[in-house]
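Asks: Below is the file protein.tsv, with TSV, C-alpha atoms.
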```
chain	number	residue	atom	x	y	z
I	1	VAL	CA	-59.06	21.34	33.21
I	2	PRO	CA	-58.90	20.08	29.62
I	3	VAL	CA	-59.84	16.39	29.47
I	4	LEU	CA	-60.15	13.90	26.69
I	5	LYS	CA	-63.53	12.29	26.21
I	6	PHE	CA	-64.86	9.82	23.71
I	7	ALA	CA	-68.15	10.72	22.07
I	8	ALA	CA	-70.30	9.11	19.43
I	9	ALA	CA	-70.99	11.41	16.51
I	10	PRO	CA	-72.85	13.60	16.13
I	11	HIS	CA	-72.50	15.40	19.45
I	12	CYS	CA	-75.61	17.31	18.46
I	13	PRO	CA	-78.14	14.69	17.29
I	14	ARG	CA	-79.94	17.07	14.99
I	15	LEU	CA	-76.86	17.41	12.77
I	16	SER	CA	-76.51	14.92	9.95
I	17	LYS	CA	-73.10	14.32	8.36
I	18	LEU	CA	-74.09	16.58	5.49
I	19	SER	CA	-75.29	19.44	7.68
I	20	ARG	CA	-72.08	19.21	9.69
I	21	ALA	CA	-70.11	19.54	6.45
I	22	GLY	CA	-72.23	22.55	5.59
I	23	ARG	CA	-71.62	24.05	9.02
I	24	LEU	CA	-67.86	23.98	8.45
I	25	LEU	CA	-67.77	25.20	4.92
I	26	ALA	CA	-70.59	27.71	4.86
I	27	ALA	CA	-70.63	29.14	8.38
I	28	ASN	CA	-68.38	32.08	7.57
I	29	LEU	CA	-69.81	32.83	4.14
I	30	ARG	CA	-72.11	35.83	3.93
I	31	GLN	CA	-75.01	36.45	1.60
I	32	SER	CA	-74.34	38.64	-1.42
I	33	THR	CA	-77.29	39.34	-3.67
I	34	ARG	CA	-74.88	40.11	-6.51
I	35	SER	CA	-73.19	36.70	-6.20
I	36	ARG	CA	-76.24	34.53	-5.59
I	37	HIS	CA	-76.62	31.69	-8.07
I	38	ARG	CA	-80.18	31.81	-9.35
I	39	SER	CA	-81.95	28.96	-11.08
I	40	PRO	CA	-83.60	29.79	-14.43
I	41	ARG	CA	-87.01	29.68	-12.75
I	42	ALA	CA	-85.88	32.11	-10.07
I	43	VAL	CA	-84.48	34.53	-12.65
I	44	THR	CA	-87.85	34.80	-14.38
I	45	ALA	CA	-89.69	35.37	-11.11
I	46	GLN	CA	-88.73	39.06	-10.88
I	47	ASN	CA	-91.59	39.89	-8.52
I	48	LYS	CA	-90.38	37.40	-5.90
I	49	PRO	CA	-89.28	39.25	-2.71
I	50	SER	CA	-85.58	39.14	-1.80
I	51	ARG	CA	-84.59	36.82	1.04
I	52	ALA	CA	-83.35	38.04	4.39
I	53	MET	CA	-81.37	34.86	5.11
I	54	PRO	CA	-78.85	33.12	2.84
I	55	ILE	CA	-79.42	29.77	1.22
I	56	LEU	CA	-76.40	27.51	1.80
I	57	ALA	CA	-75.53	24.70	-0.60
I	58	ALA	CA	-73.44	21.72	0.43
I	59	VAL	CA	-71.87	18.75	-1.33
I	60	GLU	CA	-70.60	15.81	0.74
I	61	GLY	CA	-68.57	13.30	-1.26
I	62	GLY	CA	-68.11	9.79	0.06
I	63	GLY	CA	-66.63	6.66	-1.44
I	64	THR	CA	-70.09	5.16	-1.91
I	65	THR	CA	-72.45	8.14	-2.20
I	66	PHE	CA	-72.36	11.88	-2.94
I	67	VAL	CA	-75.03	13.98	-1.21
I	68	VAL	CA	-76.15	17.49	-2.15
I	69	ALA	CA	-78.41	19.73	-0.09
I	70	LEU	CA	-79.71	23.22	0.56
I	71	ALA	CA	-80.03	24.77	4.01
I	72	ASP	CA	-82.02	27.87	4.83
I	73	GLY	CA	-80.14	30.37	7.00
I	74	ALA	CA	-78.29	27.78	9.12
I	75	PRO	CA	-76.45	24.61	8.05
I	76	ASP	CA	-78.62	22.31	10.15
I	77	ASN	CA	-81.86	23.68	8.68
I	78	ILE	CA	-81.83	21.44	5.59
I	79	ILE	CA	-84.74	22.09	3.27
I	80	GLU	CA	-83.86	19.88	0.31
I	81	ARG	CA	-81.39	17.10	-0.44
I	82	ALA	CA	-80.53	14.38	-2.94
I	83	SER	CA	-77.96	11.61	-3.22
I	84	PHE	CA	-76.12	10.00	-6.11
I	85	PRO	CA	-73.97	6.84	-6.24
I	86	THR	CA	-70.23	7.43	-6.44
I	87	THR	CA	-69.37	6.11	-9.91
I	88	THR	CA	-66.97	8.10	-12.10
I	89	PRO	CA	-65.97	11.71	-11.40
I	90	ALA	CA	-67.62	12.97	-14.58
I	91	GLU	CA	-70.92	11.22	-13.93
I	92	THR	CA	-71.14	11.81	-10.18
I	93	LEU	CA	-69.96	15.43	-10.12
I	94	GLY	CA	-72.08	16.14	-13.20
I	95	LYS	CA	-75.23	14.97	-11.41
I	96	CYS	CA	-74.38	17.13	-8.39
I	97	ALA	CA	-73.82	20.17	-10.60
I	98	ASP	CA	-77.06	19.55	-12.52
I	99	TRP	CA	-78.99	19.40	-9.24
I	100	LEU	CA	-77.46	22.65	-8.00
I	101	ARG	CA	-77.92	24.38	-11.36
I	102	ALA	CA	-81.69	24.06	-11.01
I	103	ARG	CA	-81.69	25.85	-7.64
I	104	SER	CA	-80.83	29.21	-6.13
I	105	PHE	CA	-78.21	29.57	-3.37
I	106	ASP	CA	-75.75	32.06	-1.92
I	107	ALA	CA	-72.71	29.98	-0.93
I	108	LEU	CA	-71.35	26.51	-1.62
I	109	GLY	CA	-69.32	24.21	0.63
I	110	VAL	CA	-67.78	20.99	-0.65
I	111	ALA	CA	-66.25	18.24	1.53
I	112	THR	CA	-64.98	14.98	0.06
I	113	PHE	CA	-62.95	11.88	0.77
I	114	GLY	CA	-59.26	12.34	0.23
I	115	PRO	CA	-56.44	12.93	0.13
I	116	VAL	CA	-57.37	16.33	-1.26
I	117	ASP	CA	-55.59	19.61	-1.92
I	118	PRO	CA	-57.30	22.20	0.34
I	119	THR	CA	-54.78	25.01	-0.24
I	120	PRO	CA	-56.23	28.00	-2.15
I	121	GLY	CA	-53.85	29.16	-4.84
I	122	SER	CA	-52.35	25.73	-5.37
I	123	LYS	CA	-52.42	24.35	-8.92
I	124	THR	CA	-54.37	21.38	-7.64
I	125	TYR	CA	-56.65	23.19	-5.19
I	126	GLY	CA	-60.01	21.41	-5.12
I	127	PHE	CA	-58.59	18.12	-6.39
I	128	ILE	CA	-58.89	14.67	-4.90
I	129	THR	CA	-55.25	13.68	-5.28
I	130	GLU	CA	-53.55	10.34	-4.49
I	131	THR	CA	-56.65	8.48	-3.42
I	132	PRO	CA	-56.82	4.68	-3.58
I	133	LYS	CA	-60.41	5.04	-4.85
I	134	PRO	CA	-60.35	3.64	-8.42
I	135	GLY	CA	-60.93	6.29	-11.08
I	136	TRP	CA	-60.79	9.25	-8.69
I	137	ARG	CA	-57.07	9.96	-8.53
I	138	GLN	CA	-56.38	13.60	-9.54
I	139	ALA	CA	-60.11	14.32	-9.93
I	140	ASN	CA	-60.76	18.08	-10.12
I	141	VAL	CA	-63.81	18.31	-7.88
I	142	MET	CA	-64.18	22.07	-7.65
I	143	ALA	CA	-63.94	22.52	-11.43
I	144	ALA	CA	-67.33	20.83	-11.64
I	145	PHE	CA	-68.82	23.77	-9.71
I	146	SER	CA	-66.83	26.63	-11.27
I	147	GLU	CA	-69.88	28.02	-13.07
I	148	PHE	CA	-71.51	29.00	-9.78
I	149	ALA	CA	-70.46	32.58	-9.01
I	150	VAL	CA	-70.91	32.36	-5.25
I	151	PRO	CA	-68.44	32.11	-2.35
I	152	LYS	CA	-67.08	28.55	-2.16
I	153	ALA	CA	-65.01	26.50	0.29
I	154	PHE	CA	-63.44	23.06	0.07
I	155	ASP	CA	-62.06	20.62	2.66
I	156	THR	CA	-61.97	16.97	3.64
I	157	ASP	CA	-65.04	15.05	4.75
I	158	VAL	CA	-63.47	14.64	8.21
I	159	ASN	CA	-62.19	18.18	8.81
I	160	ALA	CA	-65.70	19.41	8.05
I	161	PRO	CA	-67.48	17.42	10.79
I	162	ALA	CA	-64.52	17.95	13.16
I	163	LEU	CA	-65.11	21.69	13.16
I	164	SER	CA	-68.86	21.24	13.31
I	165	GLU	CA	-68.60	18.93	16.33
I	166	TYR	CA	-66.24	21.42	17.98
I	167	ARG	CA	-68.65	24.32	17.41
I	168	ALA	CA	-71.63	22.31	18.64
I	169	MET	CA	-69.78	21.43	21.86
I	170	VAL	CA	-68.70	25.03	22.44
I	171	ALA	CA	-72.28	26.16	21.84
I	172	ASP	CA	-73.37	23.69	24.54
I	173	GLY	CA	-71.02	25.32	27.02
I	174	TYR	CA	-67.94	23.09	26.86
I	175	ASP	CA	-64.61	24.90	27.32
I	176	LEU	CA	-62.67	23.32	24.46
I	177	GLY	CA	-59.83	24.23	22.14
I	178	SER	CA	-59.30	20.93	20.34
I	179	VAL	CA	-61.31	18.05	18.88
I	180	ALA	CA	-60.35	15.01	16.83
I	181	TYR	CA	-63.04	13.47	14.64
I	182	ALA	CA	-62.48	9.94	13.31
I	183	THR	CA	-64.74	8.14	10.91
I	184	VAL	CA	-64.44	4.37	10.59
I	185	GLY	CA	-66.30	2.96	7.64
I	186	THR	CA	-65.29	2.23	4.05
I	187	GLY	CA	-62.04	3.93	5.04
I	188	VAL	CA	-60.65	5.50	8.20
I	189	GLY	CA	-60.18	9.26	8.29
I	190	VAL	CA	-59.31	11.76	11.01
I	191	GLY	CA	-60.08	15.47	11.06
I	192	LEU	CA	-58.51	17.81	13.60
I	193	VAL	CA	-59.47	21.12	15.15
I	194	VAL	CA	-56.77	22.80	17.22
I	195	ASN	CA	-57.24	26.22	18.82
I	196	GLY	CA	-60.63	26.40	17.15
I	197	LYS	CA	-59.34	25.95	13.59
I	198	CYS	CA	-59.04	23.03	11.20
I	199	VAL	CA	-55.54	21.65	10.81
I	200	HIS	CA	-54.13	21.63	7.29
I	201	GLY	CA	-50.38	22.18	7.59
I	202	LEU	CA	-48.36	20.20	5.03
I	203	LEU	CA	-51.60	18.90	3.48
I	204	HIS	CA	-54.23	17.76	6.01
I	205	PRO	CA	-54.35	15.04	8.66
I	206	GLU	CA	-54.27	11.44	7.41
I	207	ALA	CA	-54.12	9.73	10.79
I	208	GLY	CA	-56.36	6.91	9.63
I	209	HIS	CA	-53.25	5.56	7.90
I	210	ILE	CA	-51.06	5.71	10.98
I	211	CYS	CA	-48.79	2.71	11.61
I	212	VAL	CA	-49.72	0.78	14.76
I	213	PRO	CA	-48.44	-2.41	16.43
I	214	ARG	CA	-50.05	-5.72	15.65
I	215	PHE	CA	-52.62	-7.19	17.99
I	216	PRO	CA	-50.91	-10.11	19.77
I	217	GLY	CA	-51.35	-13.28	17.74
I	218	ASP	CA	-52.94	-11.48	14.78
I	219	SER	CA	-51.71	-12.74	11.40
I	220	PHE	CA	-54.27	-10.91	9.21
I	221	GLU	CA	-52.39	-9.33	6.30
I	222	GLY	CA	-54.59	-6.24	6.07
I	223	HIS	CA	-56.90	-4.99	3.36
I	224	ARG	CA	-55.49	-2.69	0.66
I	225	PRO	CA	-52.84	-0.88	2.73
I	226	SER	CA	-51.53	2.43	1.39
I	227	LEU	CA	-48.33	2.61	3.44
I	228	ASN	CA	-45.32	0.38	4.01
I	229	CYS	CA	-45.50	-0.13	7.79
I	230	ALA	CA	-42.59	-2.54	8.04
I	231	GLY	CA	-43.11	-4.73	11.10
I	232	TRP	CA	-46.31	-2.88	12.04
I	233	VAL	CA	-49.66	-2.42	10.26
I	234	GLU	CA	-51.77	0.45	8.94
I	235	ALA	CA	-54.83	1.36	11.01
I	236	GLU	CA	-57.20	1.70	8.04
I	237	ALA	CA	-56.04	-1.56	6.49
I	238	MET	CA	-56.97	-3.36	9.71
I	239	THR	CA	-60.20	-1.62	10.78
I	240	ALA	CA	-62.10	-0.33	7.74
I	241	SER	CA	-65.32	-2.20	7.04
I	242	GLY	CA	-63.82	-4.14	4.14
I	243	ALA	CA	-60.93	-5.28	6.33
I	244	LEU	CA	-63.24	-6.42	9.12
I	245	ALA	CA	-65.46	-8.29	6.66
I	246	LYS	CA	-62.45	-10.02	5.11
I	247	ARG	CA	-61.09	-10.91	8.55
I	248	ALA	CA	-64.47	-12.42	9.52
I	249	GLY	CA	-64.76	-14.43	6.30
I	250	LEU	CA	-67.75	-12.44	5.03
I	251	ASP	CA	-68.55	-11.78	1.38
I	252	ASP	CA	-68.93	-8.06	2.06
I	253	SER	CA	-69.25	-5.56	4.89
I	254	SER	CA	-73.05	-5.74	4.99
I	255	GLY	CA	-72.75	-8.87	7.11
I	256	LEU	CA	-70.85	-7.13	9.91
I	257	LYS	CA	-74.09	-6.05	11.56
I	258	ASP	CA	-75.02	-9.68	12.13
I	259	LEU	CA	-71.85	-10.58	14.03
I	260	PRO	CA	-72.29	-10.89	17.81
I	261	ASP	CA	-70.56	-8.44	20.15
I	262	ASP	CA	-68.22	-11.16	21.39
I	263	HIS	CA	-66.92	-12.04	17.91
I	264	PRO	CA	-63.09	-11.82	17.85
I	265	VAL	CA	-63.18	-9.29	15.02
I	266	TRP	CA	-64.31	-6.59	17.44
I	267	ASP	CA	-61.41	-7.14	19.82
I	268	CYS	CA	-59.01	-6.74	16.91
I	269	ALA	CA	-60.78	-3.57	15.75
I	270	ALA	CA	-60.73	-2.16	19.28
I	271	HIS	CA	-56.98	-2.74	19.56
I	272	TYR	CA	-56.09	-0.95	16.33
I	273	LEU	CA	-58.47	1.96	16.90
I	274	ALA	CA	-57.27	2.33	20.49
I	275	ALA	CA	-53.67	2.46	19.27
I	276	MET	CA	-54.66	5.14	16.76
I	277	CYS	CA	-56.42	7.15	19.49
I	278	ALA	CA	-53.45	6.82	21.85
I	279	ASN	CA	-51.21	8.27	19.15
I	280	LEU	CA	-53.66	11.13	18.62
I	281	VAL	CA	-53.51	11.89	22.35
I	282	LEU	CA	-49.71	11.87	22.29
I	283	THR	CA	-49.33	13.99	19.15
I	284	VAL	CA	-52.17	16.55	19.07
I	285	SER	CA	-53.60	16.35	22.61
I	286	PRO	CA	-57.32	16.56	21.69
I	287	GLN	CA	-59.78	17.27	24.49
I	288	ARG	CA	-62.43	15.22	22.69
I	289	ILE	CA	-62.17	12.31	20.29
I	290	VAL	CA	-65.38	11.79	18.34
I	291	LEU	CA	-65.76	8.38	16.71
I	292	SER	CA	-68.19	8.02	13.83
I	293	GLY	CA	-68.86	6.00	10.69
I	294	GLY	CA	-70.62	2.74	9.94
I	295	VAL	CA	-68.27	0.53	11.95
I	296	MET	CA	-68.85	2.66	15.06
I	297	LEU	CA	-72.55	1.82	14.97
I	298	ARG	CA	-71.30	-1.17	16.98
I	299	ALA	CA	-71.84	0.48	20.38
I	300	SER	CA	-69.85	-2.16	22.25
I	301	LEU	CA	-66.68	-0.88	20.57
I	302	PHE	CA	-66.63	2.37	22.57
I	303	PRO	CA	-65.77	0.90	25.99
I	304	LYS	CA	-63.36	-1.58	24.40
I	305	ILE	CA	-61.47	1.20	22.63
I	306	ARG	CA	-61.36	3.43	25.70
I	307	GLN	CA	-60.11	0.67	27.98
I	308	ARG	CA	-57.36	-0.35	25.58
I	309	MET	CA	-56.31	3.25	24.91
I	310	VAL	CA	-55.94	3.90	28.63
I	311	THR	CA	-53.92	0.68	28.98
I	312	TYR	CA	-51.59	1.63	26.12
I	313	LEU	CA	-51.00	5.14	27.50
I	314	ASN	CA	-49.95	3.46	30.75
I	315	GLY	CA	-50.65	6.49	32.95
I	316	TYR	CA	-48.14	8.65	31.09
I	317	ILE	CA	-50.69	11.43	30.40
I	318	PRO	CA	-51.64	12.65	33.92
I	319	VAL	CA	-55.24	13.60	33.09
I	320	ALA	CA	-58.20	11.64	34.43
I	321	ALA	CA	-59.74	10.97	31.03
I	322	ALA	CA	-56.48	9.42	29.83
I	323	THR	CA	-55.96	7.25	32.92
I	324	ASP	CA	-59.50	6.15	33.88
I	325	ALA	CA	-61.10	3.62	31.56
I	326	ALA	CA	-64.53	4.54	32.94
I	327	ALA	CA	-64.16	8.34	32.56
```
Would it be possible to restate this file's structure as structure tokens?

Replies:
Amino acid sequence: VPVLKFAAAPHCPRLSKLSRAGRLLAANLRQSTRSRHRSPRAVTAQNKPSRAMPILAAVEGGGTTFVVALADGAPDNIIERASFPTTTPAETLGKCADWLRARSFDALGVATFGPVDPTPGSKTYGFITETPKPGWRQANVMAAFSEFAVPKAFDTDVNAPALSEYRAMVADGYDLGSVAYATVGTGVGVGLVVNGKCVHGLLHPEAGHICVPRFPGDSFEGHRPSLNCAGWVEAEAMTASGALAKRAGLDDSSGLKDLPDDHPVWDCAAHYLAAMCANLVLTVSPQRIVLSGGVMLRASLFPKIRQRMVTYLNGYIPVAAATDAAA
């Protein structure tokens, strides 16, 4: 019987966020010796034997850091990686491209913060579009990698790990058709896998911006909301790390780790994230909800979120995992 479970990401501990992005975007790409990008050093080494397994390249773009890596044969077998601060598109993407240019690889997967345009054939395919991230609106990410004549794929940095978590669970023997992956950190994003495939649809899921009811007695105005949730509030504006830091009177989010588990900020966060999860259950019926990101390093949040989600669903979904706070 399909049941919803909460899980901390990653389901498979050996998978980093980057390797999970690589698993999504490179898993279906096949090696082609004619399309392999070869570094200048590799081109001159004509006596080097050809490889039996493909080298997969991945770029994971976050609001704070971009990470690039190579994996040998499988996305979780990372053999080399580097990271660069997220500054301007030209500088950050240029550093990623320079790093890749010096290496040989057979396929490239790119996953970034959004909103993005993931629709091949669209005029803005490969763009970060209406992002609130200063300087990154309408940034053409994939153009930075156009010189590499290898198979490429592009998606959000939450759809990528959503599919990877789904595949890892299926590989471990779980009978699943759907997974929701939510990251709660600098922002709040949700990726969805339904019937074994990432959901794009009109654009791609943006459930981190869902409108939810206020926590009783909460007067916090929110932190940089993107939507007009008249009478309600936006989940990301209430639960992202910057919002929690502001609510707690901290100078920045680095101080969140020092707050005790019984600080009121965590009850507020649990309410808004539980409301988001309840709406996910009601709209897309995921069998697993995976919660990740820096805020979710606070382990005490998991039981708080589950208990509140079950309370808000009020027994309407007649499945044990949606009615039992201890399931």

Asks: Need the shell around Cys96 (chain I): protein/DNA/RNA residues with any atom at most 9 Å away, counting all atoms listed in the file. Skip same-chain ones fewer than 6 positions apart. Format as a count of residues only?

Replies: 9

Asks: Interatomic distance between CA of Gly185 (chain I) and CA of Leu256 (chain I)?

Replies: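 The value is 11.3 Å.
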
Asks: To one decimal in Å, tell me the separation between CA of Val290 (chain I) and CA of Tyr181 (chain I).

Replies: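 Those two atoms sit 4.7 Å apart.
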
Asks: List the spatial neighbours of Pro264 (chain I) as an mmCIF file with C-alpha atoms, in the frame of the given file - criterion: any atom at most 12 Å away, all atoms listed in the file, same-chain residues fewer than 6 positions off excluded.

Replies:
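Output saved as result_34.cif:
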```cif
data_model
loop_
_atom_site.group_PDB
_atom_site.id
_atom_site.type_symbol
_atom_site.label_atom_id
_atom_site.label_comp_id
_atom_site.auth_asym_id
_atom_site.auth_seq_id
_atom_site.Cartn_x
_atom_site.Cartn_y
_atom_site.Cartn_z
ATOM 1 C CA PHE I 215 -52.620 -7.190 17.990
ATOM 2 C CA GLY I 217 -51.350 -13.280 17.740
ATOM 3 C CA ASP I 218 -52.940 -11.480 14.780
ATOM 4 C CA LEU I 244 -63.240 -6.420 9.120
ATOM 5 C CA ALA I 245 -65.460 -8.290 6.660
ATOM 6 C CA ARG I 247 -61.090 -10.910 8.550
ATOM 7 C CA ALA I 248 -64.470 -12.420 9.520
ATOM 8 C CA GLY I 249 -64.760 -14.430 6.300
ATOM 9 C CA ALA I 270 -60.730 -2.160 19.280
ATOM 10 C CA HIS I 271 -56.980 -2.740 19.560
ATOM 11 C CA LEU I 301 -66.680 -0.880 20.570
#
```

Asks: Near Ala182 (chain I), within 8 Å and counting only C-alpha atoms, which residues show up once chain neighbours fewer than 5 positions away are dropped, as a list in words?

Replies: Val158, Val188, Gly189, Val190, Gly191, Gly208, Ile289, Val290, Leu291, Ser292 and Gly293 of chain I

Asks: Could you state the separation of CA of Pro213 (chain I) and CA of Gly187 (chain I) in Å, given to one decimal place?

Replies: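 CA of Gly187 (chain I) lies at a distance of 18.8 Å from CA of Pro213 (chain I).
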
Asks: Compare I:Leu93, I:Pro118, I:Gly73, I:Arg298 by their minimum atom-to-atom distance to Leu202 (chain I), counting only C-alpha atoms, and give me the closest one.

Replies: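 Checking each of I:Leu93, I:Pro118, I:Gly73, I:Arg298 against Leu202 (chain I), counting only C-alpha atoms, the winner is I:Pro118.
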
Asks: My list of candidates is I:Ala143, I:Val295, I:Ala235, I:Met276. Which is closest to Lys257 (chain I) when distances are computed with all atoms listed in the file?

Replies: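 Closest residue, counting all atoms listed in the file: I:Val295.
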
Asks: Which is closest to Asn228 (chain I) among I:Ala58, I:Leu259, I:Thr124, I:Val212, if we use all atoms listed in the file?

Replies: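 Closest candidate: I:Val212.
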
Asks: Any idea what's packed within 6 Å of Glu234 (chain I), counting all atoms listed in the file, ignoring anything in its chain fewer than 4 positions away? Could you give it as a VMD selection string?

Replies: chain I and resid 209 to 211

Asks: Point out the residue among I:Arg36, I:Pro260, I:Val179, I:Lys95 with the least atom-to-atom distance to Val284 (chain I), counting all atoms listed in the file.

Replies: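 When distances to Val284 (chain I) are compared using all atoms listed in the file, the smallest one comes from I:Val179.
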
Asks: Show which residues sit within 7 Å of Pro85 (chain I), as a PyMOL selection string. Count all atoms listed in the file, and ignore same-chain residues fewer than 3 positions away.

Replies: chain I and resi 64-66+92

Asks: As JSON, please report the centre and edge lengths, rounded to one decimal in Å, of the axis-aligned box that holds all listed atoms of region 269-273 of chain I with 3 Å of padding on each of the six sides.

Replies:
```
{"center_x": -58.4, "center_y": -0.8, "center_z": 17.7, "size_x": 10.7, "size_y": 11.5, "size_z": 9.8}
```

Asks: May I have the protein, DNA and RNA residues with an atom at most 6 Å from (-57.5, 11.1, -11.5), counting all atoms listed in the file in the file's coordinates, returned as a list in words?

Replies: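 Checking each residue against the 6 Å limit leaves Gly135, Trp136, Arg137, Gln138 and Ala139 of chain I.
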
Asks: Would you export the selected residues with C-alpha atoms as a PDB file, in the frame of the given file, please?

Replies:
```pdb
ATOM      1  CA  GLY I 135     -60.930   6.290 -11.080  1.00  0.00           C
ATOM      2  CA  TRP I 136     -60.790   9.250  -8.690  1.00  0.00           C
ATOM      3  CA  ARG I 137     -57.070   9.960  -8.530  1.00  0.00           C
ATOM      4  CA  GLN I 138     -56.380  13.600  -9.540  1.00  0.00           C
ATOM      5  CA  ALA I 139     -60.110  14.320  -9.930  1.00  0.00           C
TER       6      ALA I 139
END
```

Asks: Taking all atoms listed in the file into account, which of I:Pro286, I:Pro54, I:Pro216, I:Gly231 comes nearest Ser178 (chain I)?

Replies: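 Answer, going by the shortest atom-to-atom distance: I:Pro286.
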